[in-house]
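Source file: final-v5.cif; contents: mmCIF, C-alpha atoms.
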```cif
data_model
#
loop_
_atom_site.label_atom_id
_atom_site.label_comp_id
_atom_site.auth_asym_id
_atom_site.auth_seq_id
_atom_site.Cartn_x
_atom_site.Cartn_y
_atom_site.Cartn_z
CA MET L 1 -37.64 -16.51 -30.03
CA LYS L 2 -34.48 -18.24 -31.09
CA ARG L 3 -31.80 -16.29 -32.85
CA LYS L 4 -30.82 -17.38 -36.28
CA LYS L 5 -27.46 -19.00 -36.60
CA GLY L 6 -25.03 -16.83 -38.57
CA PRO L 7 -22.16 -17.99 -40.71
CA ILE L 8 -18.90 -19.13 -39.11
CA VAL L 9 -16.44 -16.22 -38.84
CA ASP L 10 -12.68 -16.82 -38.78
CA LEU L 11 -11.46 -13.70 -37.02
CA LYS L 12 -7.80 -14.65 -37.46
CA ASP L 13 -8.09 -14.58 -41.25
CA PHE L 14 -10.06 -11.34 -41.06
CA LEU L 15 -7.36 -9.60 -39.01
CA GLN L 16 -4.64 -10.97 -41.27
CA ARG L 17 -6.36 -9.60 -44.39
CA ALA L 18 -6.85 -6.22 -42.72
CA ALA L 19 -3.18 -6.08 -41.72
CA ASN L 20 -2.04 -7.02 -45.24
CA LYS L 21 -4.31 -4.38 -46.75
CA LYS L 22 -2.96 -1.72 -44.41
CA LYS L 23 0.61 -2.76 -45.17
CA THR L 24 0.10 -2.44 -48.92
CA GLN L 25 -1.44 1.03 -48.46
CA GLU L 26 1.57 2.19 -46.47
CA GLN L 27 3.97 0.85 -49.07
CA THR L 28 2.16 2.68 -51.86
CA GLN L 29 2.21 5.95 -49.91
CA GLY L 30 5.93 5.55 -49.15
CA ASN L 31 5.48 6.31 -45.43
CA THR L 32 6.85 3.80 -43.01
CA ASP L 33 5.63 4.07 -39.43
CA PRO L 34 7.82 2.17 -36.95
CA MET L 35 5.02 2.16 -34.38
CA SER L 36 2.67 0.21 -36.62
CA THR L 37 4.75 -2.95 -36.45
CA THR L 38 4.94 -2.67 -32.69
CA LYS L 39 1.19 -2.26 -32.39
CA GLU L 40 0.60 -5.28 -34.63
CA SER L 41 2.99 -7.38 -32.56
CA GLN L 42 1.03 -6.47 -29.43
CA MET L 43 -2.36 -7.38 -30.87
CA GLN L 44 -4.22 -10.24 -29.35
CA LEU L 45 -5.10 -12.94 -31.85
CA VAL L 46 -8.45 -14.40 -31.03
CA VAL L 47 -9.52 -17.48 -32.91
CA TYR L 48 -13.17 -18.31 -32.90
CA GLU L 49 -14.10 -21.86 -33.78
CA GLY L 50 -17.62 -22.78 -34.66
CA ARG L 51 -20.23 -20.11 -34.26
CA PRO L 52 -19.95 -16.38 -33.49
CA LYS L 53 -19.62 -15.09 -29.92
CA TYR L 54 -23.34 -14.50 -29.46
CA ALA L 55 -24.15 -18.05 -30.47
CA SER L 56 -24.21 -20.90 -27.99
CA GLY L 57 -21.41 -23.45 -27.75
CA SER L 58 -18.70 -21.05 -28.89
CA GLY L 59 -15.08 -21.55 -27.80
CA ALA L 60 -12.41 -18.88 -27.85
CA THR L 61 -8.75 -18.73 -26.97
CA SER L 62 -6.70 -15.53 -26.66
CA VAL L 63 -2.94 -15.46 -27.05
CA PRO L 64 -1.49 -12.05 -26.15
CA LEU L 65 1.88 -11.31 -27.64
CA GLU L 66 4.11 -9.71 -25.03
CA PRO L 67 6.56 -7.11 -26.34
CA GLU L 68 10.23 -7.72 -25.73
CA SER L 69 11.53 -5.84 -22.74
CA GLU L 70 14.51 -3.60 -23.24
CA ILE L 71 14.85 -2.50 -19.62
CA GLY L 72 17.83 -4.75 -19.08
CA ASP L 73 19.74 -3.05 -21.87
CA PHE L 74 19.09 0.39 -20.39
CA ALA L 75 20.08 -0.78 -16.92
CA ILE L 76 23.38 -2.08 -18.22
CA SER L 77 24.09 1.13 -20.05
CA ASP L 78 23.26 3.20 -16.94
CA SER L 79 25.57 1.15 -14.76
CA GLU L 80 28.33 1.44 -17.31
CA SER L 81 27.89 5.20 -17.47
CA LYS L 82 27.97 5.49 -13.66
CA SER L 83 31.13 3.44 -13.43
CA SER L 84 32.73 5.56 -16.11
CA ASP L 85 31.71 8.76 -14.27
CA GLU L 86 33.21 7.50 -11.00
CA GLY L 87 36.53 6.83 -12.65
CA ASN L 88 36.43 10.07 -14.62
CA ASP L 89 37.77 12.22 -11.76
CA GLU L 90 40.72 9.91 -11.14
CA SER L 91 41.71 9.93 -14.79
CA THR L 92 41.18 13.69 -15.21
CA TYR L 93 42.98 14.91 -12.07
CA ASN L 94 45.54 12.06 -11.75
CA ILE L 95 44.36 11.06 -8.28
CA GLU L 96 46.93 9.05 -6.30
CA HIS L 97 45.79 7.25 -3.16
CA ASP L 98 49.34 6.89 -1.83
CA PRO L 99 50.25 10.22 -0.14
CA GLY L 100 53.89 9.87 -1.15
CA LEU L 101 52.93 10.06 -4.84
CA ARG L 102 50.35 12.86 -4.71
CA SER L 103 50.59 16.27 -6.27
CA PRO L 104 49.84 19.20 -3.92
CA ILE L 105 46.38 20.77 -4.07
CA SER L 106 47.96 24.07 -5.07
CA GLY L 107 49.33 22.39 -8.20
CA TYR L 108 45.79 22.03 -9.62
CA HIS L 109 43.77 24.80 -11.21
CA ILE L 110 42.00 27.01 -8.69
CA ASN L 111 38.58 26.04 -10.08
CA ASP L 112 39.38 22.33 -9.65
CA HIS L 113 40.40 22.40 -5.99
CA ASP L 114 37.00 21.38 -4.63
CA SER L 115 36.61 18.61 -7.22
CA VAL L 116 40.03 17.21 -6.33
CA ARG L 117 39.19 17.36 -2.63
CA ARG L 118 35.92 15.49 -3.20
CA ALA L 119 37.77 12.79 -5.11
CA TYR L 120 40.28 12.30 -2.30
CA ILE L 121 37.58 12.37 0.38
CA ALA L 122 35.71 9.66 -1.53
CA LEU L 123 38.86 7.51 -1.42
CA GLY L 124 39.58 8.32 2.21
CA PRO L 125 42.98 8.35 3.94
CA CYS L 126 45.51 5.82 2.70
CA ARG L 127 45.60 3.05 5.31
CA PRO L 128 46.95 -0.17 3.80
CA LYS L 129 45.63 -3.43 5.25
CA MET L 130 49.02 -4.76 6.33
CA LYS L 131 50.07 -6.74 9.34
CA LYS L 132 52.44 -5.24 11.88
CA ASP L 133 55.42 -7.28 10.70
CA ASP L 134 54.81 -6.30 7.06
CA PHE L 135 55.77 -2.66 7.68
CA PRO L 136 59.47 -2.08 6.92
CA GLN L 137 61.98 -1.19 9.63
CA HIS L 138 64.70 1.45 9.68
CA ASN L 139 67.15 2.77 12.25
CA CYS L 140 65.66 5.62 14.31
CA GLY L 141 66.81 5.17 17.88
CA GLY L 142 66.90 1.47 17.15
CA MET L 143 65.20 -0.64 14.50
CA ARG L 144 61.60 0.54 14.54
CA ARG L 145 58.59 0.40 12.24
CA PHE L 146 55.22 2.11 11.77
CA GLN L 147 52.55 0.76 14.11
CA PRO L 148 49.10 0.18 12.48
CA LYS L 149 47.37 0.71 15.86
CA TRP L 150 48.15 4.43 15.45
CA PHE L 151 45.36 4.62 12.86
CA GLY L 152 42.84 4.16 15.67
CA GLU L 153 44.40 6.88 17.83
CA PHE L 154 44.63 9.55 15.13
CA ASN L 155 41.80 9.71 12.61
CA TRP L 156 43.76 12.06 10.33
CA LEU L 157 46.79 9.77 10.02
CA GLU L 158 47.67 7.97 6.78
CA TYR L 159 50.63 5.92 5.60
CA SER L 160 52.62 5.91 2.37
CA VAL L 161 53.88 2.50 1.29
CA HIS L 162 56.04 4.10 -1.38
CA LYS L 163 58.02 6.29 1.05
CA ASP L 164 57.43 4.40 4.33
CA ALA L 165 56.24 7.65 5.93
CA ALA L 166 53.22 9.05 7.79
CA TYR L 167 51.12 11.93 6.47
CA CYS L 168 48.17 14.10 7.61
CA PHE L 169 45.09 13.69 5.43
CA VAL L 170 43.19 16.85 6.43
CA CYS L 171 46.28 19.10 6.26
CA TYR L 172 46.99 17.90 2.74
CA LEU L 173 43.47 18.87 1.69
CA PHE L 174 42.87 22.14 3.57
CA LYS L 175 46.02 23.54 5.17
CA ASP L 176 46.87 27.05 4.02
CA SER L 177 50.21 27.54 2.36
CA ASP L 178 51.01 30.61 4.49
CA HIS L 179 51.40 28.43 7.60
CA GLY L 180 54.74 27.10 6.38
CA GLY L 181 55.90 23.59 5.64
CA ASP L 182 55.19 20.50 7.68
CA GLY L 183 56.76 17.03 7.65
CA PHE L 184 53.30 15.46 7.68
CA ILE L 185 52.51 17.08 4.31
CA SER L 186 55.66 17.57 2.26
CA GLY L 187 58.13 14.75 2.88
CA GLY L 188 56.31 12.64 5.43
CA PHE L 189 57.18 11.72 9.01
CA ARG L 190 59.42 8.69 9.64
CA ASN L 191 60.72 9.07 13.21
CA TRP L 192 58.75 6.18 14.71
CA ASN L 193 60.48 6.59 18.11
CA MET L 194 58.91 10.06 18.52
CA LYS L 195 55.20 9.35 18.81
CA ASP L 196 54.65 12.64 20.66
CA ARG L 197 55.16 14.43 17.35
CA PHE L 198 51.68 13.22 16.32
CA ARG L 199 50.06 15.11 19.21
CA LYS L 200 52.37 18.07 18.65
CA HIS L 201 51.25 18.22 15.02
CA ALA L 202 47.58 18.35 16.08
CA GLY L 203 48.48 21.16 18.48
CA ALA L 204 46.09 23.47 20.28
CA ILE L 205 42.68 24.61 19.14
CA ASN L 206 44.15 27.50 17.13
CA SER L 207 46.80 25.39 15.37
CA ALA L 208 47.04 25.05 11.61
CA HIS L 209 45.95 21.41 11.86
CA CYS L 210 42.79 22.29 13.80
CA GLU L 211 41.93 24.98 11.27
CA ALA L 212 42.34 22.46 8.44
CA GLU L 213 40.22 19.93 10.33
CA GLU L 214 37.48 22.51 10.84
CA LYS L 215 37.49 23.28 7.11
CA TYR L 216 37.31 19.56 6.39
CA ASN L 217 34.26 19.11 8.64
CA LEU L 218 32.49 22.10 7.08
CA PHE L 219 33.31 20.80 3.61
CA ILE L 220 31.79 17.35 4.17
CA LYS L 221 28.87 18.71 6.26
CA PRO L 222 28.00 22.20 4.98
CA LYS L 223 24.87 22.41 7.15
CA THR L 224 27.03 22.71 10.26
CA SER L 225 28.31 26.15 9.23
CA ILE L 226 27.43 29.31 11.18
CA ARG L 227 25.24 30.59 8.35
CA GLU L 228 23.14 27.43 8.36
CA SER L 229 22.87 27.53 12.16
CA VAL L 230 21.65 31.15 12.10
CA ALA L 231 19.17 30.35 9.33
CA SER L 232 17.75 27.39 11.27
CA ASN L 233 17.45 29.48 14.45
CA THR L 234 15.66 32.20 12.46
CA VAL L 235 13.12 29.68 11.17
CA GLU L 236 12.51 28.39 14.69
CA PHE L 237 12.10 31.94 16.03
CA LYS L 238 9.56 32.74 13.32
CA ALA L 239 7.55 29.62 14.17
CA GLN L 240 7.47 30.52 17.88
CA TYR L 241 6.50 34.13 17.13
CA LEU L 242 3.68 32.97 14.87
CA ALA L 243 2.36 30.66 17.60
CA ARG L 244 2.38 33.46 20.19
CA LEU L 245 0.67 35.87 17.79
CA THR L 246 -1.99 33.31 16.89
CA TRP L 247 -2.98 32.62 20.50
CA SER L 248 -2.93 36.33 21.35
CA LEU L 249 -5.41 37.00 18.54
CA LYS L 250 -7.59 34.12 19.73
CA CYS L 251 -7.71 35.62 23.24
CA ILE L 252 -8.60 39.04 21.84
CA ARG L 253 -11.34 37.51 19.71
CA PHE L 254 -12.78 35.71 22.74
CA LEU L 255 -12.82 38.85 24.89
CA LEU L 256 -14.48 40.89 22.13
CA HIS L 257 -17.08 38.21 21.54
CA GLN L 258 -17.96 38.02 25.26
CA GLY L 259 -17.82 41.78 25.81
CA LEU L 260 -15.14 41.44 28.46
CA ALA L 261 -12.52 44.03 29.36
CA PHE L 262 -8.89 43.48 28.48
CA ARG L 263 -7.94 44.84 31.90
CA GLY L 264 -9.77 45.57 35.11
CA HIS L 265 -12.68 48.03 35.05
CA ASP L 266 -12.39 49.27 38.62
CA GLU L 267 -11.47 52.95 38.28
CA GLY L 268 -11.81 53.77 41.98
CA LYS L 269 -9.22 55.56 44.04
CA ASP L 270 -8.16 52.39 45.83
CA SER L 271 -7.94 50.28 42.64
CA HIS L 272 -4.54 48.87 41.78
CA ASN L 273 -5.70 47.73 38.33
CA LYS L 274 -7.30 50.73 36.67
#
```
Would you mind giving the structure from this file in structure tokens?
Amino acid sequence: MKRKKGPIVDLKDFLQRAANKKKTQEQTQGNTDPMSTTKESQMQLVVYEGRPKYASGSGATSVPLEPESEIGDFAISDSESKSSDEGNDESTYNIEHDPGLRSPISGYHINDHDSVRRAYIALGPCRPKMKKDDFPQHNCGGMRRFQPKWFGEFNWLEYSVHKDAAYCFVCYLFKDSDHGGDGFISGGFRNWNMKDRFRKHAGAINSAHCEAEEKYNLFIKPKTSIRESVASNTVEFKAQYLARLTWSLKCIRFLLHQGLAFRGHDEGKDSHNK
């Protein structure tokens, strides 16, 4: 049997009337829902021409309305907030990259020492990208200047353009005040004809510089401390002990299941395994 042809339905007008009716009801109630407009903007408008969907020869087109994306705005705001956070430490603690203009670590509040150290470590030692001839000369056993190749020989070395002097980066951050003054921290070192003073400053393994360097390495890599090493060894020992215990229990279970002796069963006088 053939189905009877129904009347032509204009779904677009129907949805429009329903939306207008809903809008008037909300206005009379005095409640404005911001989500309603968003839902209406995301509705798909389907226009049926001719007969209904169940009738033959029907054509339909759907036009989804995509909501506007606001991800870009949030991404911009996040990047701006990150950049402002990165520069917050420098503005708060008055961080100076040039060692000749820095304030000593002891001049900051005791609770801010680690934050100041992190800020300086993020900047790294002051090593200006200057050519050899750009470094100024002064009379020290002849006209001499700082040699930029020294940066490769001593990883702790840094240079102050303001004072034309060499400084020690790790000693500035972690050297104890009870070890006395040092030219590589306070006023800087400028005797370019005495390169051996660099090695003398590093000193032996128990020198103040080596102690400061050890504190620096533990500060940037806390997992290399003795406590972390002991904790990791304890975890490894527990894993090995658990493996030995597991296999011992498996052997015991096997012997009990087979009715075998744990040791020899020869109880004679000549037995060496009673």
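Listed by chain and then by number, the residues chosen by the PyMOL selection byres ((chain L and resi 116) around 9) in this file are Asp89, Glu90, Tyr93, Ile95, Ile105, Tyr108, Asp112, His113, Asp114, Ser115, Arg117, Arg118, Ala119, Tyr120, Ile121 and Leu173 of chain L.
Proximity of L:Met194, L:Gly100, L:Leu123, L:Phe174 to Arg145 (chain L), computed with all atoms listed in the file, is greatest for L:Met194.
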Once the PyMOL selection byres ((chain L and resi 192) around 12) has been evaluated on this model, what residues remain selected, and can you format them as a CSV table (one decimal) with C-alpha atoms, in the frame of the given file?
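Wrote it out as expr-v7.csv, contents follow:
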```
chain,number,residue,atom,x,y,z
L,135,PHE,CA,55.8,-2.7,7.7
L,136,PRO,CA,59.5,-2.1,6.9
L,137,GLN,CA,62.0,-1.2,9.6
L,138,HIS,CA,64.7,1.4,9.7
L,139,ASN,CA,67.2,2.8,12.2
L,140,CYS,CA,65.7,5.6,14.3
L,141,GLY,CA,66.8,5.2,17.9
L,142,GLY,CA,66.9,1.5,17.2
L,143,MET,CA,65.2,-0.6,14.5
L,144,ARG,CA,61.6,0.5,14.5
L,145,ARG,CA,58.6,0.4,12.2
L,146,PHE,CA,55.2,2.1,11.8
L,147,GLN,CA,52.6,0.8,14.1
L,148,PRO,CA,49.1,0.2,12.5
L,150,TRP,CA,48.2,4.4,15.4
L,164,ASP,CA,57.4,4.4,4.3
L,165,ALA,CA,56.2,7.6,5.9
L,166,ALA,CA,53.2,9.0,7.8
L,188,GLY,CA,56.3,12.6,5.4
L,189,PHE,CA,57.2,11.7,9.0
L,190,ARG,CA,59.4,8.7,9.6
L,191,ASN,CA,60.7,9.1,13.2
L,193,ASN,CA,60.5,6.6,18.1
L,194,MET,CA,58.9,10.1,18.5
L,195,LYS,CA,55.2,9.4,18.8
L,196,ASP,CA,54.6,12.6,20.7
L,197,ARG,CA,55.2,14.4,17.4
L,198,PHE,CA,51.7,13.2,16.3
```
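Relative to CA of Lys149 (chain L), CA of Ala204 (chain L) is found at 23.2 Å.
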- Coordinates-based distance that separates CA of Lys200 (chain L) from CA of Phe219 (chain L) (Å, one decimal): 24.4 Å
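Using only C-alpha atoms, the shortest contact distance between Phe154 (chain L) and any of L:Asp98, L:Phe237, L:His201, L:Asp133 is found at L:His201.
Across the structure, CA of Pro104 (chain L) and CA of Pro222 (chain L) are spaced 23.8 Å apart.
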- Item | Option closest in space to Tyr216 (chain L), from L:Ala261, L:Ile110, L:Ala18, L:Cys171 [counting only C-alpha atoms] | L:Cys171
